[in-house]
>>> print(open('model_34.txt').read())   # compact mmCIF, C-alpha atoms and all ligand atoms
# COMPACT_ATOMS: atom_id res chain seq x y z
CA MET C 219 -0.25 -15.57 -18.07
CA THR C 220 -1.41 -17.78 -15.22
CA ASN C 221 -4.15 -20.39 -15.38
CA LEU C 222 -7.49 -19.07 -14.19
CA ASN C 223 -9.40 -22.34 -13.82
CA PRO C 224 -12.18 -22.39 -11.21
CA ARG C 225 -11.23 -23.25 -7.67
CA ALA C 226 -13.04 -23.63 -4.34
CA ILE C 227 -11.28 -22.27 -1.27
CA ARG C 228 -12.73 -23.33 2.07
CA GLY C 229 -12.16 -22.03 5.60
CA ARG C 230 -13.35 -19.32 7.99
CA LEU C 231 -14.19 -16.27 5.88
CA LEU C 232 -13.93 -12.64 6.96
CA THR C 233 -14.69 -9.54 4.90
CA PHE C 234 -15.60 -5.97 5.82
CA LEU C 235 -18.72 -4.15 4.66
CA ARG C 236 -17.81 -0.69 5.96
CA ALA C 237 -15.44 1.00 8.42
CA PRO C 238 -16.17 -0.27 11.95
CA ALA C 239 -17.56 2.39 14.27
CA GLY C 240 -15.33 0.99 17.03
CA ALA C 241 -14.39 -2.20 18.84
CA GLY C 242 -17.25 -4.69 18.87
CA ASP C 243 -19.03 -3.32 15.78
CA ALA C 244 -20.32 -6.68 14.51
CA GLN C 245 -22.38 -5.03 11.76
CA SER C 246 -19.23 -3.82 9.99
CA TYR C 247 -18.13 -7.23 8.72
CA ARG C 248 -19.36 -10.56 7.43
CA TYR C 249 -17.91 -13.69 9.04
CA ILE C 250 -18.69 -17.25 7.95
CA ASP C 251 -17.40 -19.93 10.28
CA ASP C 252 -17.14 -22.58 7.54
CA GLY C 253 -17.33 -20.88 4.17
CA ILE C 254 -16.38 -21.40 0.55
CA VAL C 255 -15.10 -18.93 -2.03
CA LEU C 256 -15.72 -20.11 -5.59
CA THR C 257 -13.47 -18.48 -8.17
CA LYS C 258 -13.88 -18.18 -11.92
CA ASP C 259 -11.62 -16.38 -14.41
CA GLY C 260 -9.65 -14.84 -11.56
CA ARG C 261 -12.66 -13.32 -9.86
CA ILE C 262 -14.96 -14.41 -7.06
CA ASP C 263 -17.94 -16.18 -8.57
CA ALA C 264 -19.79 -17.03 -5.35
CA VAL C 265 -19.24 -16.92 -1.61
CA GLY C 266 -21.24 -18.45 1.23
CA PRO C 267 -21.48 -21.11 3.90
CA ALA C 268 -20.00 -24.47 2.87
CA TYR C 269 -23.33 -26.26 3.40
CA GLU C 270 -24.90 -24.02 0.73
CA LEU C 271 -22.06 -23.75 -1.75
CA GLU C 272 -20.75 -27.33 -1.70
CA ILE C 273 -23.52 -28.49 -4.03
CA ARG C 274 -22.73 -25.68 -6.48
CA ILE C 275 -19.06 -26.54 -6.98
CA PRO C 276 -18.67 -27.65 -10.62
CA SER C 277 -17.39 -31.23 -10.79
CA GLY C 278 -13.64 -31.49 -11.17
CA THR C 279 -13.06 -28.15 -9.39
CA PRO C 280 -10.18 -28.44 -6.92
CA VAL C 281 -11.20 -27.69 -3.32
CA GLU C 282 -8.50 -26.25 -1.09
CA HIS C 283 -9.51 -26.62 2.53
CA PHE C 284 -7.83 -24.69 5.33
CA PRO C 285 -9.49 -25.96 8.53
CA GLY C 286 -9.14 -23.45 11.35
CA ALA C 287 -7.49 -20.79 9.19
CA LEU C 288 -8.99 -17.38 8.52
CA ILE C 289 -9.46 -16.39 4.89
CA ALA C 290 -9.48 -12.62 4.36
CA PRO C 291 -9.15 -10.34 1.35
CA GLY C 292 -5.49 -9.98 0.36
CA PHE C 293 -3.80 -7.03 2.02
CA ILE C 294 -3.27 -3.77 0.17
CA ASP C 295 -0.14 -1.68 0.71
CA PRO C 296 -0.74 1.85 -0.63
CA HIS C 297 2.81 3.21 -0.21
CA ILE C 298 5.98 1.19 -0.78
CA HIS C 299 9.26 1.67 -2.67
CA TYR C 300 10.21 -1.36 -4.75
CA PRO C 301 13.81 -0.11 -5.33
CA GLN C 302 14.41 -0.02 -1.57
CA THR C 303 14.51 -3.76 -0.80
CA GLN C 304 18.24 -3.29 -0.08
CA VAL C 305 17.77 0.07 1.67
CA ILE C 306 15.53 -1.36 4.43
CA ALA C 307 17.41 -1.47 7.76
CA SER C 308 19.88 1.35 6.98
CA TYR C 309 21.27 2.72 10.22
CA GLY C 310 21.33 5.99 12.01
CA ALA C 311 19.85 8.77 9.90
CA GLN C 312 16.75 10.90 9.56
CA LEU C 313 15.01 11.59 6.27
CA LEU C 314 17.26 13.92 4.23
CA GLU C 315 20.51 12.25 5.30
CA TRP C 316 18.91 8.79 4.89
CA LEU C 317 17.93 9.67 1.31
CA GLU C 318 21.41 10.91 0.38
CA LYS C 319 23.46 8.34 2.22
CA TYR C 320 21.51 5.18 1.39
CA THR C 321 18.46 5.59 -0.81
CA PHE C 322 19.79 7.62 -3.72
CA VAL C 323 22.82 5.32 -3.85
CA GLU C 324 20.73 2.14 -4.22
CA GLU C 325 18.21 3.70 -6.56
CA GLN C 326 20.88 4.61 -9.12
CA LYS C 327 21.48 0.90 -9.69
CA PHE C 328 18.04 0.66 -11.35
CA ALA C 329 19.36 2.20 -14.55
CA ASP C 330 20.37 -1.42 -15.25
CA PRO C 331 17.32 -3.34 -16.54
CA ALA C 332 18.68 -6.67 -15.27
CA HIS C 333 19.04 -5.27 -11.74
CA ALA C 334 15.51 -3.84 -11.97
CA ALA C 335 14.07 -7.15 -13.21
CA ARG C 336 15.75 -9.14 -10.41
CA ASN C 337 14.50 -6.73 -7.77
CA ALA C 338 10.98 -6.66 -9.21
CA GLU C 339 10.75 -10.45 -8.87
CA PHE C 340 12.09 -10.35 -5.32
CA PHE C 341 9.66 -7.57 -4.42
CA LEU C 342 6.61 -9.44 -5.77
CA ASP C 343 7.70 -12.67 -4.04
CA GLU C 344 8.02 -10.81 -0.76
CA LEU C 345 4.62 -9.14 -1.08
CA ALA C 346 3.00 -12.53 -1.74
CA ARG C 347 4.81 -14.09 1.25
CA ASN C 348 3.27 -11.36 3.39
CA GLY C 349 -0.25 -11.71 2.01
CA THR C 350 -0.14 -8.40 0.14
CA THR C 351 -1.95 -8.71 -3.17
CA THR C 352 -1.95 -5.10 -4.38
CA ALA C 353 0.60 -2.36 -3.76
CA VAL C 354 1.12 1.22 -4.82
CA ALA C 355 4.82 1.34 -5.57
CA TYR C 356 7.39 4.01 -6.25
CA CYS C 357 9.89 3.01 -8.90
CA THR C 358 13.13 4.96 -9.52
CA ALA C 359 13.54 7.83 -11.96
CA HIS C 360 14.50 5.33 -14.67
CA PRO C 361 11.57 4.26 -16.86
CA VAL C 362 13.17 0.80 -17.16
CA SER C 363 12.58 0.35 -13.42
CA ALA C 364 8.83 0.88 -13.90
CA ASP C 365 8.80 -1.32 -16.99
CA ALA C 366 10.46 -4.12 -15.00
CA LEU C 367 7.90 -3.95 -12.19
CA PHE C 368 4.87 -3.67 -14.46
CA ALA C 369 6.07 -6.53 -16.67
CA ALA C 370 6.67 -8.83 -13.70
CA ALA C 371 3.34 -7.90 -12.06
CA HIS C 372 1.47 -8.35 -15.36
CA GLU C 373 3.04 -11.77 -15.84
CA ARG C 374 1.77 -12.79 -12.36
CA ASN C 375 -1.61 -11.06 -12.82
CA VAL C 376 -0.93 -8.95 -9.70
CA GLY C 377 -2.86 -5.67 -9.56
CA MET C 378 -0.01 -3.19 -9.22
CA ILE C 379 -0.15 0.60 -9.20
CA ALA C 380 3.22 2.20 -9.86
CA GLY C 381 5.09 5.15 -11.28
CA ASN C 382 8.62 6.33 -12.02
CA SER C 383 9.80 8.82 -9.34
CA VAL C 384 10.22 12.05 -11.22
CA MET C 385 13.04 14.37 -10.05
CA ASN C 386 15.05 17.17 -11.65
CA ARG C 387 16.90 18.80 -8.76
CA ASN C 388 18.44 18.15 -5.34
CA GLY C 389 19.51 14.61 -6.11
CA PRO C 390 22.43 12.83 -7.76
CA PRO C 391 22.75 13.35 -11.54
CA GLY C 392 21.97 9.65 -12.06
CA LEU C 393 18.41 10.19 -10.79
CA LEU C 394 17.64 13.58 -12.36
CA ALA C 395 15.83 13.86 -15.66
CA PRO C 396 15.12 17.24 -17.22
CA GLY C 397 11.41 18.21 -17.12
CA ARG C 398 10.45 17.37 -20.69
CA THR C 399 12.20 14.00 -20.71
CA ALA C 400 10.64 12.91 -17.43
CA ILE C 401 7.17 13.88 -18.58
CA ALA C 402 7.65 12.15 -21.93
CA ASP C 403 8.85 9.03 -20.07
CA SER C 404 5.80 9.15 -17.79
CA ARG C 405 3.38 9.59 -20.69
CA GLU C 406 4.95 6.65 -22.50
CA LEU C 407 4.64 4.48 -19.36
CA ILE C 408 0.96 5.45 -19.03
CA ARG C 409 0.38 4.51 -22.66
CA ARG C 410 2.19 1.20 -22.23
CA TRP C 411 0.89 0.09 -18.84
CA HIS C 412 -2.12 1.98 -17.51
CA GLY C 413 -5.03 -0.42 -18.05
CA THR C 414 -2.85 -3.22 -19.40
CA GLY C 415 -4.35 -6.22 -17.59
CA ARG C 416 -4.47 -5.26 -13.91
CA GLN C 417 -1.74 -2.59 -14.10
CA ARG C 418 -2.37 1.06 -13.24
CA TYR C 419 -0.12 4.08 -13.33
CA ALA C 420 0.52 6.70 -10.63
CA VAL C 421 2.08 10.07 -11.48
CA THR C 422 4.98 10.24 -9.02
CA PRO C 423 6.71 13.48 -8.09
CA ARG C 424 9.16 12.14 -5.48
CA PHE C 425 8.49 15.19 -3.28
CA ALA C 426 8.43 18.97 -3.73
CA ILE C 427 12.16 19.26 -2.93
CA THR C 428 13.27 17.22 -5.94
CA SER C 429 11.24 18.99 -8.65
CA THR C 430 11.38 22.54 -9.99
CA GLU C 431 8.18 24.54 -10.33
CA GLU C 432 8.21 23.85 -14.07
CA GLN C 433 8.37 20.12 -13.50
CA LEU C 434 5.62 20.16 -10.88
CA GLU C 435 3.48 22.12 -13.31
CA GLU C 436 4.03 19.54 -16.04
CA LEU C 437 3.27 16.71 -13.63
CA GLY C 438 0.05 18.47 -12.57
CA ALA C 439 -0.94 18.80 -16.23
CA LEU C 440 -0.21 15.12 -16.85
CA PHE C 441 -2.29 14.10 -13.82
CA LYS C 442 -5.17 16.20 -15.15
CA GLU C 443 -4.83 14.79 -18.66
CA PHE C 444 -5.42 11.19 -17.50
CA PRO C 445 -8.48 11.15 -15.24
CA THR C 446 -8.01 7.56 -14.05
CA VAL C 447 -4.33 7.60 -13.14
CA LEU C 448 -3.40 8.07 -9.48
CA MET C 449 -0.81 10.41 -7.96
CA GLN C 450 1.62 9.56 -5.17
CA THR C 451 4.11 11.73 -3.32
CA HIS C 452 5.48 12.57 0.14
CA LEU C 453 4.20 15.35 2.39
CA ASP C 454 5.09 16.80 5.81
CA GLU C 455 7.18 13.83 6.91
CA ASN C 456 10.14 15.51 8.62
CA LEU C 457 10.82 18.98 10.05
CA ASP C 458 14.04 19.61 8.06
CA GLU C 459 12.20 18.54 4.90
CA ILE C 460 9.45 21.07 5.64
CA ALA C 461 12.01 23.85 6.23
CA ALA C 462 13.66 23.01 2.90
CA VAL C 463 10.29 23.21 1.11
CA GLN C 464 9.64 26.61 2.71
CA LYS C 465 12.99 27.83 1.38
CA LEU C 466 12.42 26.48 -2.13
CA PHE C 467 8.81 27.74 -2.36
CA PRO C 468 8.83 30.94 -0.25
CA ASP C 469 5.61 32.30 -1.70
CA ASP C 470 3.44 29.30 -0.85
CA ALA C 471 1.54 29.29 2.44
CA SER C 472 2.49 25.68 3.22
CA TYR C 473 4.00 22.46 1.89
CA THR C 474 0.51 21.17 1.05
CA ALA C 475 -0.25 24.46 -0.74
CA VAL C 476 2.68 23.81 -3.10
CA TYR C 477 1.09 20.57 -4.33
CA HIS C 478 -2.31 22.27 -4.47
CA ARG C 479 -0.95 25.10 -6.66
CA PHE C 480 0.18 22.56 -9.24
CA GLY C 481 -3.10 20.60 -9.27
CA LEU C 482 -1.63 17.59 -7.52
CA LEU C 483 -4.27 17.20 -4.80
CA GLY C 484 -7.56 15.36 -5.29
CA PRO C 485 -9.42 12.09 -4.64
CA ARG C 486 -6.78 10.10 -6.56
CA SER C 487 -3.86 11.65 -4.63
CA LEU C 488 -1.95 9.55 -2.09
CA MET C 489 0.05 11.77 0.25
CA GLY C 490 2.66 9.76 2.15
CA HIS C 491 3.23 10.50 5.86
CA CYS C 492 1.29 13.76 6.62
CA ILE C 493 2.73 13.95 10.14
CA HIS C 494 3.36 17.65 10.69
CA LEU C 495 0.30 19.18 9.01
CA LYS C 496 -0.90 22.63 10.05
CA ASP C 497 -4.65 23.30 10.24
CA PRO C 498 -4.94 24.96 6.80
CA GLU C 499 -3.14 21.97 5.30
CA ILE C 500 -5.59 19.57 6.94
CA ALA C 501 -8.42 21.66 5.46
CA LEU C 502 -6.81 21.44 2.00
CA LEU C 503 -6.53 17.65 2.22
CA ARG C 504 -10.13 17.36 3.40
CA ASP C 505 -11.55 19.74 0.81
CA THR C 506 -9.72 18.06 -2.07
CA ARG C 507 -10.57 14.52 -0.78
CA SER C 508 -6.85 13.63 -0.88
CA VAL C 509 -5.66 10.60 1.08
CA ALA C 510 -3.22 10.86 4.02
CA VAL C 511 -1.13 7.68 4.10
CA PHE C 512 -0.04 6.57 7.57
CA CYS C 513 3.33 4.76 7.46
CA PRO C 514 4.00 3.83 11.10
CA THR C 515 7.08 1.58 10.87
CA SER C 516 8.80 4.18 8.70
CA ASN C 517 7.75 7.13 10.81
CA LEU C 518 9.21 5.45 13.89
CA PHE C 519 12.34 4.07 12.20
CA ILE C 520 13.37 7.32 10.46
CA GLY C 521 12.32 9.22 13.58
CA SER C 522 9.81 11.35 11.69
CA GLY C 523 7.01 11.61 14.23
CA LEU C 524 3.59 10.37 15.33
CA PHE C 525 0.72 10.48 12.81
CA ASP C 526 -2.46 11.97 14.30
CA TYR C 527 -4.97 9.34 13.15
CA ASP C 528 -7.94 10.46 15.25
CA GLY C 529 -7.29 14.15 14.58
CA LEU C 530 -7.25 13.69 10.80
CA LYS C 531 -10.23 11.35 10.88
CA ALA C 532 -12.24 13.83 12.96
CA ALA C 533 -11.30 16.56 10.48
CA GLY C 534 -12.74 14.45 7.67
CA VAL C 535 -9.48 13.50 5.95
CA ARG C 536 -9.37 10.13 4.15
CA ILE C 537 -6.70 7.82 5.65
CA ALA C 538 -4.82 4.77 4.37
CA LEU C 539 -2.21 2.57 6.09
CA ALA C 540 1.06 1.50 4.43
CA THR C 541 4.52 0.00 5.01
CA ASP C 542 6.76 2.54 3.20
CA VAL C 543 9.53 -0.07 2.86
CA GLY C 544 12.52 0.72 2.81
CA GLY C 545 11.99 3.62 5.26
CA GLY C 546 9.51 1.18 6.73
CA THR C 547 10.97 -1.88 8.40
CA SER C 548 8.53 -4.66 7.48
CA TYR C 549 6.68 -5.84 4.37
CA SER C 550 3.95 -7.22 6.63
CA MET C 551 0.69 -5.29 6.85
CA LEU C 552 0.11 -7.15 10.13
CA ARG C 553 3.31 -5.71 11.62
CA THR C 554 2.34 -2.35 10.14
CA ALA C 555 -1.02 -2.50 11.93
CA ALA C 556 0.80 -3.38 15.16
CA GLU C 557 3.03 -0.31 14.88
CA ALA C 558 0.03 1.86 13.98
CA TYR C 559 -1.57 0.67 17.20
CA LYS C 560 1.54 1.64 19.19
CA VAL C 561 1.86 5.07 17.57
CA MET C 562 -1.77 5.70 18.42
CA GLN C 563 -1.21 4.53 22.01
CA LEU C 564 1.51 7.17 22.35
CA ARG C 565 -1.08 9.76 21.31
CA GLY C 566 -3.74 8.40 23.70
CA GLN C 567 -5.67 6.86 20.78
CA ASN C 568 -6.77 3.31 20.00
CA LEU C 569 -6.85 1.15 16.91
CA PRO C 570 -9.35 -1.70 17.40
CA ALA C 571 -8.43 -4.91 15.55
CA LEU C 572 -11.62 -4.66 13.47
CA ALA C 573 -10.63 -1.16 12.31
CA ALA C 574 -7.09 -2.32 11.50
CA PHE C 575 -8.25 -5.29 9.40
CA ASP C 576 -10.83 -3.16 7.64
CA LEU C 577 -8.14 -0.58 6.89
CA ILE C 578 -5.60 -2.98 5.38
CA THR C 579 -8.28 -4.56 3.14
CA ARG C 580 -11.48 -2.69 2.24
CA GLY C 581 -10.32 0.68 3.61
CA ASN C 582 -7.11 0.81 1.57
CA ALA C 583 -9.06 -0.35 -1.51
CA ALA C 584 -11.46 2.55 -1.00
CA ALA C 585 -8.52 4.94 -0.65
CA LEU C 586 -7.37 3.80 -4.11
CA GLY C 587 -10.84 4.12 -5.61
CA LEU C 588 -10.95 0.33 -6.03
CA GLU C 589 -13.68 -0.63 -3.55
CA GLY C 590 -15.54 -3.68 -4.83
CA GLU C 591 -12.65 -4.66 -7.14
CA ILE C 592 -10.21 -5.65 -4.41
CA GLY C 593 -10.15 -5.70 -0.59
CA VAL C 594 -13.40 -7.66 -0.22
CA ILE C 595 -14.62 -11.24 -0.53
CA ALA C 596 -17.68 -10.68 -2.67
CA PRO C 597 -18.91 -11.81 -6.07
CA GLY C 598 -17.29 -9.84 -8.88
CA ALA C 599 -14.19 -8.85 -6.89
CA PHE C 600 -10.79 -10.25 -7.84
CA ALA C 601 -10.06 -13.49 -5.98
CA ASP C 602 -7.09 -11.92 -4.16
CA LEU C 603 -7.05 -13.64 -0.77
CA VAL C 604 -4.83 -14.31 2.21
CA VAL C 605 -5.09 -17.41 4.40
CA LEU C 606 -4.07 -16.53 7.96
CA ASP C 607 -3.01 -18.70 10.87
CA ALA C 608 -3.26 -17.07 14.30
CA ARG C 609 -1.40 -20.04 15.78
CA ALA C 610 1.61 -19.78 13.50
CA THR C 611 4.21 -19.66 16.30
CA PRO C 612 4.32 -21.33 19.70
CA ALA C 613 3.87 -17.96 21.42
CA MET C 614 0.86 -17.14 19.25
CA ALA C 615 -0.70 -20.59 19.76
CA HIS C 616 -0.20 -20.28 23.52
CA ARG C 617 -1.86 -16.85 23.53
CA MET C 618 -4.67 -18.11 21.28
CA ASP C 619 -5.53 -20.85 23.80
CA VAL C 620 -7.29 -18.18 25.86
CA ALA C 621 -8.67 -16.03 23.01
CA ARG C 622 -12.42 -15.80 23.37
CA ASN C 623 -13.64 -14.41 20.07
CA LEU C 624 -12.82 -13.26 16.54
CA GLU C 625 -11.74 -9.79 17.61
CA GLU C 626 -9.19 -11.19 20.03
CA GLU C 627 -7.90 -13.52 17.34
CA LEU C 628 -7.48 -10.56 14.97
CA PHE C 629 -5.68 -8.61 17.67
CA VAL C 630 -3.27 -11.52 18.26
CA LEU C 631 -2.69 -11.71 14.49
CA MET C 632 -1.92 -8.00 14.18
CA THR C 633 0.17 -7.81 17.34
CA MET C 634 2.22 -10.99 16.99
CA GLY C 635 1.72 -12.02 13.37
CA ASP C 636 3.84 -11.44 10.26
CA ASP C 637 4.77 -13.50 7.20
CA ARG C 638 4.82 -16.62 9.40
CA SER C 639 1.05 -16.26 9.79
CA VAL C 640 0.44 -16.36 6.06
CA ARG C 641 -0.42 -19.94 5.02
CA GLN C 642 -1.32 -19.07 1.44
CA THR C 643 -1.89 -16.04 -0.78
CA TYR C 644 -4.17 -16.19 -3.80
CA ILE C 645 -3.66 -13.78 -6.66
CA ALA C 646 -6.68 -13.71 -8.97
CA GLY C 647 -7.66 -17.15 -7.72
CA VAL C 648 -4.23 -18.75 -8.14
CA PRO C 649 -1.99 -19.77 -5.20
CA ALA C 650 1.11 -17.59 -5.13
CA LEU C 651 3.11 -19.59 -2.58
N1 LIG L 701 10.67 11.50 0.78
C1 LIG L 701 11.19 11.56 -0.46
N2 LIG L 701 11.62 10.36 -0.87
C2 LIG L 701 11.36 9.51 0.13
C3 LIG L 701 11.58 8.11 0.30
O1 LIG L 701 12.11 7.41 -0.56
N3 LIG L 701 11.15 7.59 1.50
C4 LIG L 701 10.56 8.33 2.46
N4 LIG L 701 10.18 7.75 3.59
N5 LIG L 701 10.37 9.65 2.32
C5 LIG L 701 10.76 10.23 1.17
ZN ZN L 702 7.81 6.74 0.83
>>> encode(input="model_34.txt", output="structure tokens", more="lines below")
Ligand code: GUN
Ligand code: ZN
Amino acid sequence: MTNLNPRAIRGRLLTFLRAPAGAGDAQSYRYIDDGIVLTKDGRIDAVGPAYELEIRIPSGTPVEHFPGALIAPGFIDPHIHYPQTQVIASYGAQLLEWLEKYTFVEEQKFADPAHAARNAEFFLDELARNGTTTAVAYCTAHPVSADALFAAAHERNVGMIAGNSVMNRNGPPGLLAPGRTAIADSRELIRRWHGTGRQRYAVTPRFAITSTEEQLEELGALFKEFPTVLMQTHLDENLDEIAAVQKLFPDDASYTAVYHRFGLLGPRSLMGHCIHLKDPEIALLRDTRSVAVFCPTSNLFIGSGLFDYDGLKAAGVRIALATDVGGGTSYSMLRTAAEAYKVMQLRGQNLPALAAFDLITRGNAAALGLEGEIGVIAPGAFADLVVLDARATPAMAHRMDVARNLEEELFVLMTMGDDRSVRQTYIAGVPAL
């Protein structure tokens, strides 16, 4: 376990108080031009202007000063596949072919605990390099893959939410577990990891296509049995996928209705993609308080379609923003925000920089039911922070020379920034880089 000694981190501080009403909503955030975050036991002990906090720093506390840099809550990625770090950038296919040709092939390698352990370390390194301090991750069907990720995250004190992808049909034999075994595996993982340090479990039906009705029923029962675990799956991503669901579940009114029938919707349910929803499906998501997870780099790369952000928001559906690596093409939540902006442009919508930064910090935390714990710089929250440099490249520095205010700086960061803009990442008050 890492050392949690107090630390003072100094720079320009930015944290969101609520979702911005639009561009220019200065009441939605707190910005301190020269601020200090004091950490203690991995959490934020105090935060304020340097002139106030300097005198409160206990003697001997190291002060890490980042003049000019912007210190924000660490980014949160609510949908990512840790076994797909060698699937990312696989050419030329849409969803169902992409799964068969590339994804299922790589995922079978995670039966080997050594392979899983190596990939878990790589994955956590890469998240930290990109300023992501919490992720909701799919593991493979193999419980050892989830054990490897949880063990590595626990060792680093990273707040990870993860689950083994449960499947019992329409996949290679190496990824299919019969219903009872998969449920027993999941229950054992919950017992071992849910609430161990910062680890949390998510019940993970891969998607409706890869589970029988019996398995979905058992997963729904498991989700109900543990009222603090989350649930993650995929929904309405691709038209061929939707046609296949219709064929497999002919009596259900929609794809969303299938999950609803098995008790898999609710405020702790993270529904990846949600691109091709019909009106009754939108109503189901709204009424159950389920979260629609927007995965723009993936939706563009796999050619799935354009998420209707404003439409779902107006309908009252909760929304989160995620990378979906390896369908997604970048680990960076900055790049992800940039692609979200472009997808919305194609729909005649806008994503103000304030809204994007709120979404990838406080907003995603709220989607996970973790508001106040992560995604904010406030006393009591975990000291998970990212130190950002909007002048990280010559092109960014050149553009920044004419930036007039914080919002423009944030827009440069999200449009041009990536891992190069991350100067440091703190996990529970400890530098990760
Ligand atoms: N649907 C079912 N499995 C997957 C996956 O691994 N990635 C994406 N993007 N969609 C899926
Ligand atoms: Zn996914």
>>> residues_around(input="model_34.txt", residues="Leu577 in chain C", least_positions_apart="2", cutoff="9 Å", atoms="all atoms listed in the file", output="PyMOL selection string")
chain C and resi 237+294+537-539+555+572-575+579-583
>>> atom_distance(input="model_34.txt", atom1="CA of Val305 in chain C", atom2="CA of Gly544 in chain C")
5.4 Å
>>> closest_residue(input="model_34.txt", among="C:Thr541, C:Thr352, C:Asn568, C:Thr446", to="Val376 in chain C", atoms="all atoms listed in the file")
C:Thr352
>>> residues_near_ligand(input="model_34.txt", ligand="ligand ZN 702 (chain L)", cutoff="9 Å", atoms="only C-alpha atoms and all ligand atoms", output="ChimeraX atom specification")
/C:297-299,355-356,424,451-452,490-491,513,516,541-546
>>> write_last_selection(input="model_34.txt", atoms="C-alpha atoms", output="PDB file, in the coordinates of the input")
ATOM      1  CA  HIS C 297       2.810   3.210  -0.210  1.00  0.00           C
ATOM      2  CA  ILE C 298       5.980   1.190  -0.780  1.00  0.00           C
ATOM      3  CA  HIS C 299       9.260   1.670  -2.670  1.00  0.00           C
ATOM      4  CA  ALA C 355       4.820   1.340  -5.570  1.00  0.00           C
ATOM      5  CA  TYR C 356       7.390   4.010  -6.250  1.00  0.00           C
ATOM      6  CA  ARG C 424       9.160  12.140  -5.480  1.00  0.00           C
ATOM      7  CA  THR C 451       4.110  11.730  -3.320  1.00  0.00           C
ATOM      8  CA  HIS C 452       5.480  12.570   0.140  1.00  0.00           C
ATOM      9  CA  GLY C 490       2.660   9.760   2.150  1.00  0.00           C
ATOM     10  CA  HIS C 491       3.230  10.500   5.860  1.00  0.00           C
ATOM     11  CA  CYS C 513       3.330   4.760   7.460  1.00  0.00           C
ATOM     12  CA  SER C 516       8.800   4.180   8.700  1.00  0.00           C
ATOM     13  CA  THR C 541       4.520   0.000   5.010  1.00  0.00           C
ATOM     14  CA  ASP C 542       6.760   2.540   3.200  1.00  0.00           C
ATOM     15  CA  VAL C 543       9.530  -0.070   2.860  1.00  0.00           C
ATOM     16  CA  GLY C 544      12.520   0.720   2.810  1.00  0.00           C
ATOM     17  CA  GLY C 545      11.990   3.620   5.260  1.00  0.00           C
ATOM     18  CA  GLY C 546       9.510   1.180   6.730  1.00  0.00           C
TER      19      GLY C 546
END
>>> closest_atom_pairs(input="model_34.txt", of="range 340-383 of chain C", to="range 390-397 of chain C", cutoff="9 Å", atoms="all atoms listed in the file", output="JSON lines")
{"residue": "C:Thr358", "atom": "CA", "partner": "C:Leu393", "partner_atom": "CA", "distance": 7.5}
{"residue": "C:Ala359", "atom": "CA", "partner": "C:Leu393", "partner_atom": "CA", "distance": 5.5}
{"residue": "C:His360", "atom": "CA", "partner": "C:Leu393", "partner_atom": "CA", "distance": 7.3}
{"residue": "C:Ser383", "atom": "CA", "partner": "C:Leu393", "partner_atom": "CA", "distance": 8.8}
>>> residues_around(input="model_34.txt", residues="Glu627 in chain C", least_positions_apart="3", cutoff="10 Å", atoms="only C-alpha atoms", output="number ranges by chain")
C: 288, 571, 607-609, 614, 617-618, 620-624, 630-633
>>> closest_residue(input="model_34.txt", among="C:Leu502, C:Val511, C:Leu222, C:Ala400", to="ligand LIG 701 (chain L)", atoms="only C-alpha atoms and all ligand atoms")
C:Val511
>>> residues_near_point(input="model_34.txt", point="(-12.0, 0.2, 14.6)", cutoff="12 Å", atoms="all atoms listed in the file", output="ChimeraX atom specification")
/C:234,236-247,527-528,531,555,559,567-578,581,625,628-629
>>> write_last_selection(input="model_34.txt", atoms="C-alpha atoms", output="tab-separated table (two decimals), keeping the file's coordinate frame")
chain	number	residue	atom	x	y	z
C	234	PHE	CA	-15.60	-5.97	5.82
C	236	ARG	CA	-17.81	-0.69	5.96
C	237	ALA	CA	-15.44	1.00	8.42
C	238	PRO	CA	-16.17	-0.27	11.95
C	239	ALA	CA	-17.56	2.39	14.27
C	240	GLY	CA	-15.33	0.99	17.03
C	241	ALA	CA	-14.39	-2.20	18.84
C	242	GLY	CA	-17.25	-4.69	18.87
C	243	ASP	CA	-19.03	-3.32	15.78
C	244	ALA	CA	-20.32	-6.68	14.51
C	245	GLN	CA	-22.38	-5.03	11.76
C	246	SER	CA	-19.23	-3.82	9.99
C	247	TYR	CA	-18.13	-7.23	8.72
C	527	TYR	CA	-4.97	9.34	13.15
C	528	ASP	CA	-7.94	10.46	15.25
C	531	LYS	CA	-10.23	11.35	10.88
C	555	ALA	CA	-1.02	-2.50	11.93
C	559	TYR	CA	-1.57	0.67	17.20
C	567	GLN	CA	-5.67	6.86	20.78
C	568	ASN	CA	-6.77	3.31	20.00
C	569	LEU	CA	-6.85	1.15	16.91
C	570	PRO	CA	-9.35	-1.70	17.40
C	571	ALA	CA	-8.43	-4.91	15.55
C	572	LEU	CA	-11.62	-4.66	13.47
C	573	ALA	CA	-10.63	-1.16	12.31
C	574	ALA	CA	-7.09	-2.32	11.50
C	575	PHE	CA	-8.25	-5.29	9.40
C	576	ASP	CA	-10.83	-3.16	7.64
C	577	LEU	CA	-8.14	-0.58	6.89
C	578	ILE	CA	-5.60	-2.98	5.38
C	581	GLY	CA	-10.32	0.68	3.61
C	625	GLU	CA	-11.74	-9.79	17.61
C	628	LEU	CA	-7.48	-10.56	14.97
C	629	PHE	CA	-5.68	-8.61	17.67
>>> residues_around(input="model_34.txt", residues="range 411-420 of chain C", least_positions_apart="6", cutoff="6 Å", atoms="all atoms listed in the file", output="ChimeraX atom specification")
/C:377-381,447-449
>>> write_last_selection(input="model_34.txt", atoms="C-alpha atoms", output="compact mmCIF listing (two decimals), in the coordinates of the input")
# COMPACT_ATOMS: atom_id res chain seq x y z
CA GLY C 377 -2.86 -5.67 -9.56
CA MET C 378 -0.01 -3.19 -9.22
CA ILE C 379 -0.15 0.60 -9.20
CA ALA C 380 3.22 2.20 -9.86
CA GLY C 381 5.09 5.15 -11.28
CA VAL C 447 -4.33 7.60 -13.14
CA LEU C 448 -3.40 8.07 -9.48
CA MET C 449 -0.81 10.41 -7.96
